[in-house]
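Participant: The structure's right below; bear with me while I get my questions together.
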Amino acid sequence: MVVMKVALLSSALLVSTWYAQPALAQKASDLVNQAVTAQGGAAALRSLKSVAITADGKYWEPGQSMIAGGDPRFLNDSKLTITWDLTKGAARTGWDRDRKYVTPGSMKYVETVLPTLGFVTDDKGSTPMSSIRVAALLRELERASPTLLLKAMDAKQLTSNGQQQLGKQALPAVSFTAGNTNFIVLFDRKTHLPAAIRTLDDDNIYGDSNYDLVLSDWKSVGGVQIAHTLSYQLNGVEVAHVTYRDVTANPTIAADAFNVSEAVKATAKGPATGSVPYQWVLRRLALMSFVDSDSIMFPPGGGYKLVELAPNVQHVQGGTHNNLIVAMKDYLVVFDAPYGEMQSRWVIDAAKKKYPGKPIKYLVLTHHHMDHTGGMRTYVAEGATVIVPEGDKAFFQEDARRPHTIVPDEEQKKHTTAKILEVKDQMSLKDDTEEIRLYNIPNPHVQGMIIGHVVKPNILYVTDLISPRGPIERNAGTIAVGEALRKYGITGATIAGGHGTTAKQADITSALAQN
């Protein structure tokens, strides 16, 4: 866990190693030519037209850790079957995922990606991908391509990047642009093979980040050296590990392998070319919780809305993640900051319009998970004091300080000093008109979880432990909420979910019952 904290909290330092040392660096073209030779030579690489791969994958999410800054949560084991036309830039990947978190289960589907579109096929048929998903998957195909260095050789601008840090090593590196992506390639000093393929990505929590594909276990396939172990790392912390079990060079590819149905063609979109939230797309896919929409947090044609639960209480619904807005006499309190600045900006503007003249004084973060806190910095820039569970203050102080220059947010522009308070057991926000009681409760989901009770209208805001999106079944999360309700004498409440809509406490008594 200490290693995890050091790696993630030093993301700004890692990214800051992207610099050139012209006087000391080896010539960029020489580095690439040596690597191409080590892979088998340019002729061998150009003769590699396609590959068929069977692989095993493991996936983790640092933003879903049990403890803030702790070890990444293990998400799933996956089996992959890949048919990849390297010359056309098209791939068909069959996925068989065995999910361990959040809810155990399995998922089977096929992703087909072409340079112009992508679609997903499962037992219900084929549907077009969002443009951000197409862009993210195309970028990752390019990153992992065994012939990537041919594009480096042919690049109009190949630049030496001096020494780049990879773990404890300082390795020679070059950068070049392929498509819309600037890749930084780090080279092994002994073998001359690529050690890592790096991009500089924006992350909603860690800000400017190194996203690396670290390559090892090179084996000859059809006369070309291909890495068989692929470790994907965010600021040095592994988020995916793919092991190739078998690789076949130039297999026979069925003529219809990449066929696109007329129905898919009719609504398919090309890859996004603007600001793509790569980390959100890739890691929510790994979590098996990705909303395949360019709107990111709600389906196409949807949007956020305020649902009034009481004259002074608004529930933000319409997306995958909600907020709660509570109007006190002279100020506003907002619960949670899902995704990033996009949702936070909407909520702040909607809250001010609904309750004019009242500033947002407090942002209550129920817990540290990235999908509920990625928009925190927008509230810090707004001047709000952030309230978090005990033990999370240092994590969010670091979050507020991290540079976000790749995709600048309001806090990057304002450089506000974050004001952060912790809730050990309970805290009260109270004035002449209303009281909000905050309880930090034991639970199975995360260390440090706040539920908020708006006393007069008797509304309880709960994230993740209860999600009113259908029948609420009895589980460890609902039992934890039930224990808190009994401890603090809360009865007859309306439960407003951090996901979904609302539920009546009286209607889910069996789910809340004691063990």
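By convention here, the chains of the structure tokens are called A, B, ... in the order presented, each chain's residues are numbered starting at 1, and ligands are numbered starting at 1 in the order presented.
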Give me, as a Markdown table, the closest atom pair and its distance (Å, one decimal) for every residue of region 337-366 of chain A within a cut-off of 9 Å of region 319-328 of chain A, counting only C-alpha atoms, rows sorted by chain and rising number.
Facilitator:
| residue | atom | partner | partner_atom | distance |
| --- | --- | --- | --- | --- |
| A:Ala337 | CA | A:Asn323 | CA | 7.1 |
| A:Pro338 | CA | A:His321 | CA | 6.2 |
| A:Tyr339 | CA | A:His321 | CA | 8.2 |
| A:Val347 | CA | A:Asn323 | CA | 7.9 |
| A:Ala351 | CA | A:Ile325 | CA | 7.0 |
| A:Tyr355 | CA | A:Ala327 | CA | 7.2 |
| A:Lys358 | CA | A:Ala327 | CA | 8.0 |
Participant: For the residues in the current selection, export N, CA, C and O atoms as a tab-separated table (two decimals), in the first residue's frame.
Facilitator:
chain	number	residue	atom	x	y	z
A	337	ALA	N	-19.34	14.54	-5.87
A	337	ALA	CA	-18.86	15.27	-7.05
A	337	ALA	C	-18.48	14.25	-8.12
A	337	ALA	O	-17.31	14.04	-8.42
A	338	PRO	N	-19.49	13.60	-8.73
A	338	PRO	CA	-19.21	12.51	-9.67
A	338	PRO	C	-18.44	12.94	-10.90
A	338	PRO	O	-18.54	14.09	-11.37
A	339	TYR	N	-17.68	12.00	-11.42
A	339	TYR	CA	-16.94	12.03	-12.68
A	339	TYR	C	-15.88	13.12	-12.74
A	339	TYR	O	-14.71	12.86	-12.54
A	347	VAL	N	-24.07	21.00	-11.95
A	347	VAL	CA	-24.72	21.03	-10.64
A	347	VAL	C	-24.57	22.39	-9.98
A	347	VAL	O	-25.53	22.94	-9.42
A	351	ALA	N	-27.72	24.69	-9.14
A	351	ALA	CA	-27.99	25.02	-7.74
A	351	ALA	C	-28.10	26.53	-7.55
A	351	ALA	O	-29.00	27.02	-6.85
A	355	TYR	N	-31.46	28.42	-6.31
A	355	TYR	CA	-31.40	29.15	-5.04
A	355	TYR	C	-30.48	30.36	-5.20
A	355	TYR	O	-29.34	30.36	-4.72
A	358	LYS	N	-27.24	32.24	-2.98
A	358	LYS	CA	-26.67	31.36	-1.95
A	358	LYS	C	-25.42	30.67	-2.49
A	358	LYS	O	-25.49	29.91	-3.45
Participant: Give me the residues of region 204-307 of chain A that have any atom at most 7 Å from an atom of region 384-403 of chain A; for each, the nearest atom pair and the distance in Å, rounded to one decimal. Use only C-alpha atoms, sort by chain and number, and format it as a Markdown table.
Facilitator:
| residue | atom | partner | partner_atom | distance |
| --- | --- | --- | --- | --- |
| A:Ile205 | CA | A:Asp399 | CA | 6.0 |
| A:Tyr206 | CA | A:Asp399 | CA | 6.5 |
| A:Gly207 | CA | A:Pro403 | CA | 5.8 |
| A:Asp208 | CA | A:Pro403 | CA | 6.0 |
Participant: To test your reading of the structure, identify every residue in region 23-178 of chain A that backbone DSSP assigns to strand (DSSP E or B), and report it as a ChimeraX atom specification.
Facilitator: /A:50-61,73-85,90-99,105-113,118-122,125-128,159-166,169-178
Participant: Measuring between only C-alpha atoms, which one of A:Met66, A:Leu365, A:Ile296, A:Val134 shows the shortest distance to Ala268 (chain A)?
Facilitator: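 Counting only C-alpha atoms, the residue closest to Ala268 (chain A) is A:Val134.
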Participant: Need to verify the contact set: Asn182 (chain A), 7 Å, only C-alpha atoms, exclusion of same-chain residues closer than 6 positions in sequence. Can you return it as a list in words?
Facilitator: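 After dropping sequence-adjacent residues, the list is Ser175, Phe176 and Thr199 of chain A.
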Participant: Skipping near chain neighbours, those fewer than 3 positions away, what residues fall within 12 Å of Leu150 (chain A) using only C-alpha atoms, listed as a list in words?
Facilitator: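 With the cut-off at 12 Å, the set is Ser29, Val32, Asn33, Ala35, Val36, Thr37, Gln39, Gly40, Gly41, Ala42, Ala43, Ala44, Leu45, Arg46, Ser47, Leu48, Leu86, Thr87, Glu142, Ser145, Pro146, Thr147, Met153, Asp154, Ala155, Leu158, Phe176 and Ala178 of chain A.
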Participant: Deliver the residues from the most recent selection as a file, using C-alpha atoms, as a short mmCIF file (atom, residue, chain, number, x, y, z; two decimals), in the first residue's frame.
Facilitator:
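Contents of again33.cif, freshly written:
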data_model
loop_
_atom_site.label_atom_id
_atom_site.label_comp_id
_atom_site.auth_asym_id
_atom_site.auth_seq_id
_atom_site.Cartn_x
_atom_site.Cartn_y
_atom_site.Cartn_z
CA SER A 29 16.50 7.80 -35.33
CA VAL A 32 14.41 3.54 -33.33
CA ASN A 33 16.64 1.81 -35.88
CA ALA A 35 14.93 -1.27 -31.77
CA VAL A 36 13.67 -2.24 -35.23
CA THR A 37 16.78 -4.35 -35.75
CA GLN A 39 12.69 -6.83 -33.30
CA GLY A 40 13.86 -8.63 -36.43
CA GLY A 41 14.44 -5.86 -38.91
CA ALA A 42 12.25 -3.58 -40.99
CA ALA A 43 11.63 -6.18 -43.69
CA ALA A 44 10.35 -8.72 -41.16
CA LEU A 45 8.14 -6.12 -39.51
CA ARG A 46 6.69 -5.03 -42.85
CA SER A 47 5.94 -8.65 -43.75
CA LEU A 48 3.89 -9.04 -40.56
CA LEU A 86 -2.25 -4.73 -38.77
CA THR A 87 -2.25 -3.25 -42.26
CA GLU A 142 -1.78 1.46 -31.91
CA SER A 145 0.93 -2.94 -32.16
CA PRO A 146 4.08 -5.04 -32.76
CA THR A 147 4.74 -2.84 -35.82
CA MET A 153 10.60 5.31 -38.61
CA ASP A 154 8.21 6.99 -41.05
CA ALA A 155 7.18 9.82 -38.71
CA LEU A 158 10.77 12.05 -34.50
CA PHE A 176 6.41 10.82 -32.37
CA ALA A 178 0.69 8.50 -34.89
#
Participant: Excluding Ala195 (chain A) and residues on its chain fewer than 3 positions from it, collect all residues at most 9 Å away from it, counting only C-alpha atoms, and give them as a list in words.
Facilitator: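 That gives Leu166, Leu171, Val185, Leu186, Phe187, Asp188, Arg189, His192, Leu213, Val214, Leu215 and Ser216 of chain A.
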Participant: Given only C-alpha atoms as the basis, pick out the residue of A:Ala506, A:Leu114, A:Leu80, A:Leu363 nearest to Val242 (chain A).
Facilitator: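 Among A:Ala506, A:Leu114, A:Leu80, A:Leu363, it is A:Leu80 that comes nearest to Val242 (chain A).
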Participant: I'd like to know which of A:His315, A:Arg198, A:His453, A:Lys269 is closest to Thr502 (chain A), using only C-alpha atoms.
Facilitator: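 Once distances to Thr502 (chain A) are computed over only C-alpha atoms, the minimum belongs to A:His315.
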Participant: So which residues touch Ala511 (chain A) within 9 Å, counting only C-alpha atoms, skipping near sequence neighbours fewer than 2 positions away, as a ChimeraX atom specification?
Facilitator: /A:472-475,478-479,482,508-509,513-514
Participant: Keeping N, CA, C and O atoms, export the residues of the selection given above as a short mmCIF file (atom, residue, chain, number, x, y, z; two decimals), in the first residue's frame.
Facilitator:
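Result file selection29.cif:
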data_model
loop_
_atom_site.label_atom_id
_atom_site.label_comp_id
_atom_site.auth_asym_id
_atom_site.auth_seq_id
_atom_site.Cartn_x
_atom_site.Cartn_y
_atom_site.Cartn_z
N ILE A 472 -34.57 -3.58 -4.15
CA ILE A 472 -33.40 -3.46 -3.27
C ILE A 472 -33.30 -4.73 -2.44
O ILE A 472 -34.15 -4.99 -1.58
N GLU A 473 -32.28 -5.51 -2.71
CA GLU A 473 -32.13 -6.79 -2.04
C GLU A 473 -31.26 -6.64 -0.79
O GLU A 473 -30.45 -5.74 -0.67
N ARG A 474 -31.45 -7.56 0.09
CA ARG A 474 -30.69 -7.59 1.34
C ARG A 474 -29.24 -8.02 1.04
O ARG A 474 -28.99 -9.04 0.40
N ASN A 475 -28.30 -7.21 1.48
CA ASN A 475 -26.89 -7.56 1.33
C ASN A 475 -26.10 -6.85 2.42
O ASN A 475 -26.67 -6.14 3.26
N THR A 478 -26.75 -2.94 2.52
CA THR A 478 -28.04 -2.49 3.08
C THR A 478 -28.11 -2.76 4.57
O THR A 478 -28.69 -1.97 5.33
N ILE A 479 -27.51 -3.86 4.99
CA ILE A 479 -27.49 -4.16 6.43
C ILE A 479 -26.72 -3.10 7.20
O ILE A 479 -27.13 -2.67 8.29
N GLY A 482 -28.92 -0.15 7.55
CA GLY A 482 -29.93 -0.45 8.56
C GLY A 482 -29.41 -0.31 9.97
O GLY A 482 -30.10 0.22 10.87
N ILE A 508 -38.46 -0.95 2.42
CA ILE A 508 -37.31 -1.85 2.28
C ILE A 508 -36.83 -2.35 3.64
O ILE A 508 -35.64 -2.58 3.85
N THR A 509 -37.75 -2.52 4.55
CA THR A 509 -37.39 -2.92 5.92
C THR A 509 -36.66 -4.26 5.94
O THR A 509 -35.74 -4.46 6.74
N ALA A 513 -32.90 -4.99 7.61
CA ALA A 513 -33.03 -5.69 8.88
C ALA A 513 -31.70 -6.17 9.43
O ALA A 513 -30.72 -6.34 8.70
N GLN A 514 -31.69 -6.41 10.75
CA GLN A 514 -30.48 -6.88 11.41
C GLN A 514 -30.15 -8.30 10.96
O GLN A 514 -31.01 -9.07 10.55
#
Participant: Determine, counting only C-alpha atoms, which protein, DNA and RNA residues have an atom within 12 Å of an atom of Asn259 (chain A); residues of the same chain fewer than 6 positions away are not included. Present the result as an mmCIF file with all heavy atoms, in the first residue's frame.
Facilitator:
data_model
loop_
_atom_site.group_PDB
_atom_site.id
_atom_site.type_symbol
_atom_site.label_atom_id
_atom_site.label_comp_id
_atom_site.auth_asym_id
_atom_site.auth_seq_id
_atom_site.Cartn_x
_atom_site.Cartn_y
_atom_site.Cartn_z
ATOM 1 N N ALA A 90 -7.498 -2.827 -38.133
ATOM 2 C CA ALA A 90 -8.788 -3.367 -37.691
ATOM 3 C C ALA A 90 -8.548 -4.554 -36.770
ATOM 4 O O ALA A 90 -7.626 -5.347 -36.979
ATOM 5 C CB ALA A 90 -9.619 -3.794 -38.890
ATOM 6 N N ALA A 91 -9.387 -4.675 -35.746
ATOM 7 C CA ALA A 91 -9.240 -5.782 -34.803
ATOM 8 C C ALA A 91 -10.603 -6.245 -34.309
ATOM 9 O O ALA A 91 -11.529 -5.437 -34.149
ATOM 10 C CB ALA A 91 -8.370 -5.375 -33.625
ATOM 11 N N ARG A 92 -10.683 -7.523 -34.073
ATOM 12 C CA ARG A 92 -11.889 -8.137 -33.512
ATOM 13 C C ARG A 92 -11.459 -8.872 -32.247
ATOM 14 O O ARG A 92 -10.667 -9.817 -32.316
ATOM 15 C CB ARG A 92 -12.508 -9.101 -34.521
ATOM 16 C CG ARG A 92 -13.858 -9.681 -34.148
ATOM 17 C CD ARG A 92 -14.403 -10.524 -35.302
ATOM 18 N NE ARG A 92 -15.756 -10.986 -35.041
ATOM 19 C CZ ARG A 92 -16.063 -12.109 -34.411
ATOM 20 N NH1 ARG A 92 -15.071 -12.889 -33.964
ATOM 21 N NH2 ARG A 92 -17.310 -12.461 -34.213
ATOM 22 N N THR A 112 -15.420 -5.017 -32.157
ATOM 23 C CA THR A 112 -14.840 -4.895 -33.484
ATOM 24 C C THR A 112 -14.541 -3.429 -33.738
ATOM 25 O O THR A 112 -15.436 -2.580 -33.627
ATOM 26 C CB THR A 112 -15.796 -5.431 -34.567
ATOM 27 O OG1 THR A 112 -16.134 -6.798 -34.268
ATOM 28 C CG2 THR A 112 -15.142 -5.361 -35.947
ATOM 29 N N VAL A 113 -13.280 -3.138 -34.030
ATOM 30 C CA VAL A 113 -12.858 -1.755 -34.217
ATOM 31 C C VAL A 113 -12.184 -1.607 -35.575
ATOM 32 O O VAL A 113 -11.262 -2.361 -35.914
ATOM 33 C CB VAL A 113 -11.883 -1.306 -33.110
ATOM 34 C CG1 VAL A 113 -11.574 0.174 -33.245
ATOM 35 C CG2 VAL A 113 -12.463 -1.584 -31.732
ATOM 36 N N LEU A 114 -12.664 -0.638 -36.336
ATOM 37 C CA LEU A 114 -12.078 -0.255 -37.617
ATOM 38 C C LEU A 114 -11.598 1.185 -37.499
ATOM 39 O O LEU A 114 -11.975 1.894 -36.556
ATOM 40 C CB LEU A 114 -13.123 -0.375 -38.729
ATOM 41 C CG LEU A 114 -13.946 -1.662 -38.796
ATOM 42 C CD1 LEU A 114 -14.998 -1.549 -39.886
ATOM 43 C CD2 LEU A 114 -13.051 -2.856 -39.024
ATOM 44 N N LEU A 117 -14.936 3.312 -37.335
ATOM 45 C CA LEU A 117 -16.052 3.057 -36.426
ATOM 46 C C LEU A 117 -15.760 1.825 -35.591
ATOM 47 O O LEU A 117 -14.774 1.123 -35.799
ATOM 48 C CB LEU A 117 -17.374 2.884 -37.196
ATOM 49 C CG LEU A 117 -17.451 1.772 -38.253
ATOM 50 C CD1 LEU A 117 -17.775 0.409 -37.634
ATOM 51 C CD2 LEU A 117 -18.519 2.092 -39.288
ATOM 52 N N GLY A 118 -16.662 1.558 -34.647
ATOM 53 C CA GLY A 118 -16.557 0.353 -33.844
ATOM 54 C C GLY A 118 -17.935 -0.104 -33.432
ATOM 55 O O GLY A 118 -18.888 0.683 -33.391
ATOM 56 N N PHE A 119 -18.059 -1.406 -33.122
ATOM 57 C CA PHE A 119 -19.340 -1.911 -32.633
ATOM 58 C C PHE A 119 -19.108 -3.084 -31.689
ATOM 59 O O PHE A 119 -18.053 -3.726 -31.699
ATOM 60 C CB PHE A 119 -20.274 -2.295 -33.783
ATOM 61 C CG PHE A 119 -19.745 -3.345 -34.729
ATOM 62 C CD1 PHE A 119 -20.052 -4.687 -34.569
ATOM 63 C CD2 PHE A 119 -18.942 -2.981 -35.810
ATOM 64 C CE1 PHE A 119 -19.581 -5.650 -35.449
ATOM 65 C CE2 PHE A 119 -18.455 -3.929 -36.696
ATOM 66 C CZ PHE A 119 -18.778 -5.279 -36.517
ATOM 67 N N THR A 121 -20.737 -6.668 -30.090
ATOM 68 C CA THR A 121 -21.665 -7.746 -30.387
ATOM 69 C C THR A 121 -21.779 -8.674 -29.183
ATOM 70 O O THR A 121 -20.762 -9.097 -28.620
ATOM 71 C CB THR A 121 -21.193 -8.556 -31.610
ATOM 72 O OG1 THR A 121 -20.974 -7.672 -32.719
ATOM 73 C CG2 THR A 121 -22.215 -9.614 -31.994
ATOM 74 N N SER A 126 -25.660 -6.556 -32.403
ATOM 75 C CA SER A 126 -24.549 -5.605 -32.519
ATOM 76 C C SER A 126 -25.036 -4.176 -32.358
ATOM 77 O O SER A 126 -26.088 -3.816 -32.902
ATOM 78 C CB SER A 126 -23.853 -5.752 -33.871
ATOM 79 O OG SER A 126 -23.260 -7.028 -34.002
ATOM 80 N N ILE A 253 -7.493 -14.762 -42.326
ATOM 81 C CA ILE A 253 -8.611 -14.033 -41.711
ATOM 82 C C ILE A 253 -9.832 -14.179 -42.605
ATOM 83 O O ILE A 253 -9.756 -13.941 -43.828
ATOM 84 C CB ILE A 253 -8.265 -12.542 -41.522
ATOM 85 C CG1 ILE A 253 -7.071 -12.393 -40.566
ATOM 86 C CG2 ILE A 253 -9.465 -11.766 -40.992
ATOM 87 C CD1 ILE A 253 -6.615 -10.955 -40.364
ATOM 88 N N LYS A 265 -24.004 0.555 -39.521
ATOM 89 C CA LYS A 265 -23.518 1.653 -40.356
ATOM 90 C C LYS A 265 -24.413 2.881 -40.264
ATOM 91 O O LYS A 265 -23.932 4.029 -40.295
ATOM 92 C CB LYS A 265 -23.442 1.204 -41.815
ATOM 93 C CG LYS A 265 -22.291 0.294 -42.155
ATOM 94 C CD LYS A 265 -22.329 -0.037 -43.644
ATOM 95 C CE LYS A 265 -21.236 -1.007 -44.033
ATOM 96 N NZ LYS A 265 -21.305 -1.359 -45.468
#
Participant: DSSP says alpha helix (DSSP H) for which residues of region 409-441 of chain A? Put them as a VMD selection string?
Facilitator: chain A and resid 410 to 414
Participant: Write a file of the selected residues as a compact mmCIF listing (two decimals), in the first residue's frame, keeping N, CA and C atoms.
Facilitator:
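Below you can see part.txt, which holds the result:
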# COMPACT_ATOMS: atom_id res chain seq x y z
N GLU A 410 -10.97 24.29 -13.65
CA GLU A 410 -11.05 25.61 -13.01
C GLU A 410 -10.04 25.75 -11.88
N GLU A 411 -9.80 24.68 -11.17
CA GLU A 411 -8.83 24.76 -10.07
C GLU A 411 -7.42 24.95 -10.60
N GLN A 412 -7.11 24.37 -11.74
CA GLN A 412 -5.80 24.59 -12.36
C GLN A 412 -5.60 26.06 -12.70
N LYS A 413 -6.69 26.72 -13.07
CA LYS A 413 -6.60 28.13 -13.44
C LYS A 413 -6.57 29.05 -12.22
N LYS A 414 -7.26 28.65 -11.14
CA LYS A 414 -7.38 29.53 -9.97
C LYS A 414 -6.36 29.25 -8.87
Participant: Check the smallest atom-to-atom distance from each of A:Gly452, A:Val446, A:Glu140, A:Thr248 to Gly477 (chain A) using only C-alpha atoms, then report the winner.
Facilitator: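 Of all the options, A:Val446 lies closest to Gly477 (chain A).
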Participant: How close does region 54-95 of chain A get to region 278-289 of chain A? List, as CSV, each residue of region 54-95 of chain A within 12 Å, its nearest atom pair and the distance in Å to one decimal, counting only C-alpha atoms.
Facilitator:
residue,atom,partner,partner_atom,distance
A:Gly57,CA,A:Ala286,CA,10.2
A:Lys58,CA,A:Ala286,CA,9.1
A:Tyr59,CA,A:Ala286,CA,6.4
A:Trp60,CA,A:Ala286,CA,7.8
A:Glu61,CA,A:Arg283,CA,7.1
A:Pro62,CA,A:Arg283,CA,9.7
A:Gly63,CA,A:Arg283,CA,9.5
A:Gln64,CA,A:Leu287,CA,9.6
A:Pro72,CA,A:Arg283,CA,11.9
A:Arg73,CA,A:Leu287,CA,10.0
A:Phe74,CA,A:Leu287,CA,9.3
A:Leu75,CA,A:Leu287,CA,6.1
A:Asn76,CA,A:Ala286,CA,7.6
A:Asp77,CA,A:Ala286,CA,9.8
A:Ser78,CA,A:Ala286,CA,9.6
A:Trp95,CA,A:Ala286,CA,11.0
Participant: Write the residues you've just listed into a file as an mmCIF file, in the first residue's frame, and include N, CA and C atoms for each of them.
Facilitator:
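Contents of again_18.cif, freshly written:
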data_model
loop_
_atom_site.group_PDB
_atom_site.id
_atom_site.type_symbol
_atom_site.label_atom_id
_atom_site.label_comp_id
_atom_site.auth_asym_id
_atom_site.auth_seq_id
_atom_site.Cartn_x
_atom_site.Cartn_y
_atom_site.Cartn_z
ATOM 1 N N GLY A 57 -6.082 -11.856 -19.229
ATOM 2 C CA GLY A 57 -5.931 -10.519 -18.669
ATOM 3 C C GLY A 57 -6.410 -10.427 -17.236
ATOM 4 N N LYS A 58 -5.773 -9.547 -16.477
ATOM 5 C CA LYS A 58 -6.203 -9.229 -15.116
ATOM 6 C C LYS A 58 -6.285 -7.709 -15.014
ATOM 7 N N TYR A 59 -7.276 -7.205 -14.249
ATOM 8 C CA TYR A 59 -7.549 -5.769 -14.218
ATOM 9 C C TYR A 59 -7.791 -5.298 -12.788
ATOM 10 N N TRP A 60 -7.256 -4.095 -12.512
ATOM 11 C CA TRP A 60 -7.376 -3.485 -11.190
ATOM 12 C C TRP A 60 -7.825 -2.035 -11.336
ATOM 13 N N GLU A 61 -8.378 -1.460 -10.269
ATOM 14 C CA GLU A 61 -8.785 -0.054 -10.282
ATOM 15 C C GLU A 61 -8.304 0.646 -9.014
ATOM 16 N N PRO A 62 -7.306 1.546 -9.123
ATOM 17 C CA PRO A 62 -6.835 2.290 -7.948
ATOM 18 C C PRO A 62 -7.894 3.216 -7.381
ATOM 19 N N GLY A 63 -8.800 3.690 -8.229
ATOM 20 C CA GLY A 63 -9.841 4.601 -7.764
ATOM 21 C C GLY A 63 -10.980 3.931 -7.047
ATOM 22 N N GLN A 64 -10.904 2.607 -6.849
ATOM 23 C CA GLN A 64 -11.917 1.865 -6.096
ATOM 24 C C GLN A 64 -11.293 1.136 -4.906
ATOM 25 N N PRO A 72 -4.919 -0.980 -5.262
ATOM 26 C CA PRO A 72 -6.012 -1.023 -6.238
ATOM 27 C C PRO A 72 -6.917 -2.230 -5.993
ATOM 28 N N ARG A 73 -8.183 -2.054 -6.291
ATOM 29 C CA ARG A 73 -9.147 -3.139 -6.129
ATOM 30 C C ARG A 73 -9.071 -4.067 -7.354
ATOM 31 N N PHE A 74 -9.020 -5.376 -7.107
ATOM 32 C CA PHE A 74 -9.016 -6.321 -8.221
ATOM 33 C C PHE A 74 -10.414 -6.393 -8.819
ATOM 34 N N LEU A 75 -10.496 -6.258 -10.147
ATOM 35 C CA LEU A 75 -11.791 -6.178 -10.823
ATOM 36 C C LEU A 75 -12.220 -7.485 -11.463
ATOM 37 N N ASN A 76 -11.359 -8.032 -12.324
ATOM 38 C CA ASN A 76 -11.783 -9.232 -13.032
ATOM 39 C C ASN A 76 -10.627 -9.950 -13.688
ATOM 40 N N ASP A 77 -10.870 -11.228 -13.977
ATOM 41 C CA ASP A 77 -10.026 -12.023 -14.875
ATOM 42 C C ASP A 77 -10.725 -12.065 -16.223
ATOM 43 N N SER A 78 -9.951 -12.024 -17.297
ATOM 44 C CA SER A 78 -10.553 -12.067 -18.622
ATOM 45 C C SER A 78 -9.751 -12.974 -19.554
ATOM 46 N N TRP A 95 -14.204 -11.108 -25.752
ATOM 47 C CA TRP A 95 -13.978 -10.978 -24.312
ATOM 48 C C TRP A 95 -14.837 -11.982 -23.552
#
Participant: Out of A:Asp256, A:Asp409, A:Glu483, A:Asp96, which residue has the shortest atom-to-atom distance to Tyr439 (chain A) when counting only C-alpha atoms?
Facilitator: A:Glu483
Participant: I'd like the interatomic distance between CA of Ile420 (chain A) and CA of Ile360 (chain A), to a tenth of an Å.
Facilitator: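 Interatomic distance here is 14.2 Å.
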Participant: I'd like the interatomic distance between CA of Arg133 (chain A) and CA of Ser261 (chain A), to a tenth of an Å.
Facilitator: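 That distance, rounded to one decimal, is 18.8 Å.
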